[in-house]
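Working notes for the structure below.
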Amino acid sequence: MTARPMSPPEASALLWARLRPYLRPRPRWRELSLLGLVGLTLWVGSLTLGTTLNVQAATLAAGQPPPSLDGLIAASRPELLAIYLLALLGAHLALVVVGRRTDQILLPTIGLLGGLSLLLMERLPQDLAGRLGGLAQTQLVWLVLGLAAMTAAGVAIRGDAWLRRYKYTWAAVGVGLLLLTFVLGREVNGQRLTLQIGPFSGQPTELLKVILVVFLAGYLSENRPLLVEQSTRVGPFRLPPVPYLVPMVAMWAIALGVVIVQRDLGAALLLFAVFLLLLYVATARWGYVVLGIAAFIAGGGLLYAAFGHVRTRVDIWLDPFSRAQEAGYQVVQALHAFARGGILGSGLGGGLPTIGTSLPGGIPEIHTDFPFAALGEELGLIGVLAVLGLYLVLIERGLRIAASAPDEYRAILAAGLSLVVGVQAFIIAAGNLKLIPLTGITLPFISYGGSSLLANGLIVGVLLALSDRGVGAPPAPRRNTS
Amino acid sequence: MTAAARRRPGRSIGRTLTGLGVALSLAFGAIAAGAGYWQVLRSQDLAASPDDIAVIAASRQVVRGVILDRDGGTLATSKRDANGEPYRVYASRSVSGVIGYASRLYGSAGLERAYDAQISGVVPADPLRGLLRKFQGLPSDPQTVQTTLSLAIQERAVKLLGADTGAVVMLNPQTGAIIALASTPIYDATAISNPATSKATFEALQNDPSQPLLPRATQGLYVPGSVFKIVTAIAALESGAINPDTSYAEQPAAETKGLTISGYTIHDGHHTQTGSRALTFPEAVEVSCNVYFALTALKTGGEALDARAEDLGFGKPLLFPLSTSSSQVTGGGGEFGGGFRDAVELATAGFGQGETFVTPLQMALVAAAVANGGTIMQPRLVDAFVGRDGTTTVNAEVWRRAMSSQTAAEVTAAMIRAVEGELGRQFTSGAQIAGIQVAGKSGTAEIGGGTEPHSWFIGFAPADNPTIAIAVVVEHGGRGGARAAPIAGDLMRMALGL
């Protein structure tokens, strides 16, 4: 290297020369038109929300509802929505400029989910959380950062060697992260989920789920062909081959450890369910899934007997109404919110989740654990079905990307990433509706929270990169027998 | 190597992905079904529940709907306090046990609680217009509640119970409309709802040993004594264990030396007049023969007695707007059949002692079931909800069929004898009404401990086409014929307009 510093024009010329081959603008009309639809939907949502809030304020001031809507029709915080829509457009333009032939449905789908989240956070009490001047602003910042993470991954990830080669390194990072949380985790609401280092705090489980998928994709795709012929006999039982059995036991132990140490039922459920489903993807055997579920239930039974917080969760699930004023309060209020919503919902802003600030009542932790109930109240059953539909679209795109992947590693990776989002959405939505015990994990793209939005943005970004049909053949797998 | 293992290498990941997609779609379908359950099937039920925060919030702000008696007289209305916030005012203390109270500090009870959503107007009277209202952004629609209660009869019932603790339930057996549902002691519900006196009043009532806040008519559990013989009779006749001509050879002798079952002797000294004559069923009801009904219960068997009682509503809280305690024939858990412990418990249950406990409302329904030819109408307190947007009518509905019309007729005939018969009238003449045939049964519930027995009466009138069924209990009131029967006679006379 020469010591002479480059002049700015020289430097930019060099950069341009480096970047030039990657910039092949290619229009993405499908994505753009869907984004237009998303923008329109969110704008209408913002209008109804703003108008409803104005009518409520006028009613409160005058003691009776206003005679007409004149002068009351207005969008709710249009500047926030504008910034969000610009961020979506920016993500779209970045993908256009790079010109990779990647999926065009993913961005509009998470765009709509994120936009609903923004509208929801706008109408919740702003002092619930958020250091950046209120709930909605903070959430907007994280939404934009999540989109940035998605775009960066979707634009920049060109190969997967760094992912597939160092799977044990990734596994070590994951275990390290987990142990760090176990030891240093800060307890919030009786759950040790939050890791704080200096001014930064986050929920490592959100990152852990991504790392888990990366590791499992490497492990399962590598061992799949080798292990087909093997099985282990213990007396009359035919167990999965040892290389499947070991990680299964390890995962089981990790999941239970997460429940015991972190008191995080949701993360344990998510990690273990994703593991079992990926095991099925790799082996085509529901039997292993059943075995795993049996092991989980057995472990769960032990935990139920041994730990008060697990017992409380399960008892609340079985009959929240008998303790509606104490432990079951949150769940019962959520069910009431769904019931008040009915089929059509109260309309954005018309529900009662804000009542928590003015009266004893409302759903505690609504912005993180119960946004699904808030949507159920304000958008009704049709809104709930629409949101479920959006998650199914995400899953379908992910599985489609997996199915057209050039090799098993990428197939399992793509399937795993879409599973993480789908299973997480299932666990919290089903918990809100009392189908399964309630757990405190986030609803992807909708719940308030930076870790969740960043991790899920990253997941969709990797899915985007994996969907690139113009990418070259993957490198030959390195057969390592460690 | 197994077939499964051989198959596996050929399995492409594409196929397992399809399986995964199907599994996840099913899982999300389950969530959609769950949402449908809570948002459609349970929507009305939960959104109108007094525990719903929207209902609670509305009930604090809103001027609650007026509650009227069946003649249009006001039972409850609202006033405004010093701050301009509305509070409840009740027309009479006599309705405290049924209308309850609505207080900003202490929540609500009784009818005020059961229909909180309608009274505070969260639930529209007309669902279709309610949907329109949602779009119009109009506030709640508090509804006027037209009850089935008669304030005059309710006040009379409370007056007749006087200083005694007790309950009166009167209903129309043909429509299920509750005419009076009185519990004593009464309390001042207005003082609970008025913010100025709320705290002192409520705390005093909570500490009052006579428990005025307990609605005895629906939640009080009493030993029934001989009024329970009607339940035994229904079970025995329905199951075919006896017919009206059945008599027991050992019964006359047992009147003097007692009936010994498994070493336990049941005594019966009520009717020396019948001498050595073996009584038939109507005669046994007329003189309230304990020995006859102990033998009948044994002959019927525990299982049949328990099952028939369940047909009448025993064993579960009644389906009623106000919450009710569940009446029981036996403490349960025994091995003798139907949950009875042994023959002694079954035999004593036959005449309403043993482990038998009933609510006054349940016994009124037993009388109503017999009165209405075996069919129990759904007991109800409300005729209609009248709102700004429309009216919801509550119609008379059949609740269940508890016995055949033949059994009902046979029991009616016996109950007429218990009031009008030559020997029966010696016990229960107080229930008689001049010119009208009354059917009934008194009860004297021994509760031990050296205290006076509870005084009971159940019955209906006119016996040939009953429009009034009644149950009266006076705690420690002495003999049934002495205290409860005259109250019932007085109230039925008033209800029939005589």
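Here's how to read the names in the structure tokens: chain A, B, ... by the order shown, residue numbers from 1 in each chain, ligand numbers from 1 in the order shown.
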
For A:Ile343: contacts at 7 Å, only C-alpha atoms, fewer than 4 positions along chain excluded, given as number ranges by chain: A: 380-382; B: 39-40

All strand (DSSP E or B) positions in stretch 58-100 of chain B, as a VMD selection string: chain B and resid 67 to 68 74 to 80 86 to 90

What is the distance between atom CA of B:Tyr264 and atom CA of B:Thr300, in Å to one decimal?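 It comes out at 19.4 Å.
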
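Of note, atom CA of A:Val141 and atom CA of A:His367 are spaced 15.7 Å apart.
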
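In plain terms, chain A touches chain B through Val281, Ala284, His336, Phe338, Ala339, Arg340, Gly342, Ala403 and Ala430 of chain A, where touching means an atom at most 6 Å away, counting only C-alpha atoms.
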
Which of A:Gly301, A:Pro247, A:Gly376, A:Gly36 sits closest to A:Gly350 [using only C-alpha atoms]: A:Gly376

Using DSSP secondary structure from the backbone, list all alpha helix (DSSP H) positions within stretch 37-269 of chain A, as a PyMOL selection string. chain A and resi 37-62+78-98+106-123+135-156+161-164+167-184+204-227+242-257+265-269

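The space separating atom CA of B:His454 from atom CA of B:Gly477 comes to 5.3 Å.
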
List the neighbours of stretch 73-83 of chain A out to 8 Å using only C-alpha atoms; skip same-chain residues closer than 3 positions along the sequence, and give me the result as a ChimeraX atom specification. /A:42-43,46-51,54,69-70,86-87,115,118,122,137,140

Non-local contacts of A:Phe307 (10 Å; only C-alpha atoms; under 3 positions in same chain excluded) as a list of chain:residue names: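 With the cut-off at 10 Å, the set is A:Val259, A:Ile260, A:Arg263, A:Leu302, A:Leu303, A:Tyr304, A:Val310, A:Arg311, A:Thr312.
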
Residues from last step as file, N, CA and C atoms, as a short mmCIF file (atom, residue, chain, number, x, y, z; two decimals), in the first residue's frame:
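Now in part04.cif:
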data_model
loop_
_atom_site.label_atom_id
_atom_site.label_comp_id
_atom_site.auth_asym_id
_atom_site.auth_seq_id
_atom_site.Cartn_x
_atom_site.Cartn_y
_atom_site.Cartn_z
N VAL A 259 -36.82 -22.29 30.51
CA VAL A 259 -38.02 -22.13 31.34
C VAL A 259 -37.62 -21.92 32.80
N ILE A 260 -36.63 -22.71 33.26
CA ILE A 260 -36.28 -22.65 34.68
C ILE A 260 -35.55 -21.36 35.01
N ARG A 263 -37.36 -18.22 33.07
CA ARG A 263 -38.80 -18.21 33.28
C ARG A 263 -39.52 -17.79 32.01
N LEU A 302 -42.92 -32.19 34.85
CA LEU A 302 -41.99 -32.05 35.97
C LEU A 302 -41.90 -30.60 36.41
N LEU A 303 -41.80 -29.71 35.41
CA LEU A 303 -41.71 -28.29 35.74
C LEU A 303 -42.96 -27.82 36.45
N TYR A 304 -44.12 -28.33 35.97
CA TYR A 304 -45.39 -27.97 36.58
C TYR A 304 -45.39 -28.32 38.05
N VAL A 310 -44.67 -21.87 36.59
CA VAL A 310 -45.22 -22.71 35.52
C VAL A 310 -46.63 -23.15 35.89
N ARG A 311 -46.79 -23.53 37.17
CA ARG A 311 -48.10 -23.98 37.62
C ARG A 311 -49.13 -22.86 37.47
N THR A 312 -48.72 -21.65 37.86
CA THR A 312 -49.65 -20.52 37.75
C THR A 312 -50.10 -20.34 36.31
#

Output as JSON lines one row per residue of stretch 386-425 of chain B within 12 Å of stretch 63-84 of chain B: the closest atom pair and its distance in Å to one decimal place, counting only C-alpha atoms, sorted by chain and residue number ascending.
{"residue": "B:Val386", "atom": "CA", "partner": "B:Gly65", "partner_atom": "CA", "distance": 9.0}
{"residue": "B:Gly387", "atom": "CA", "partner": "B:Gly65", "partner_atom": "CA", "distance": 8.5}
{"residue": "B:Arg388", "atom": "CA", "partner": "B:Gly65", "partner_atom": "CA", "distance": 10.6}
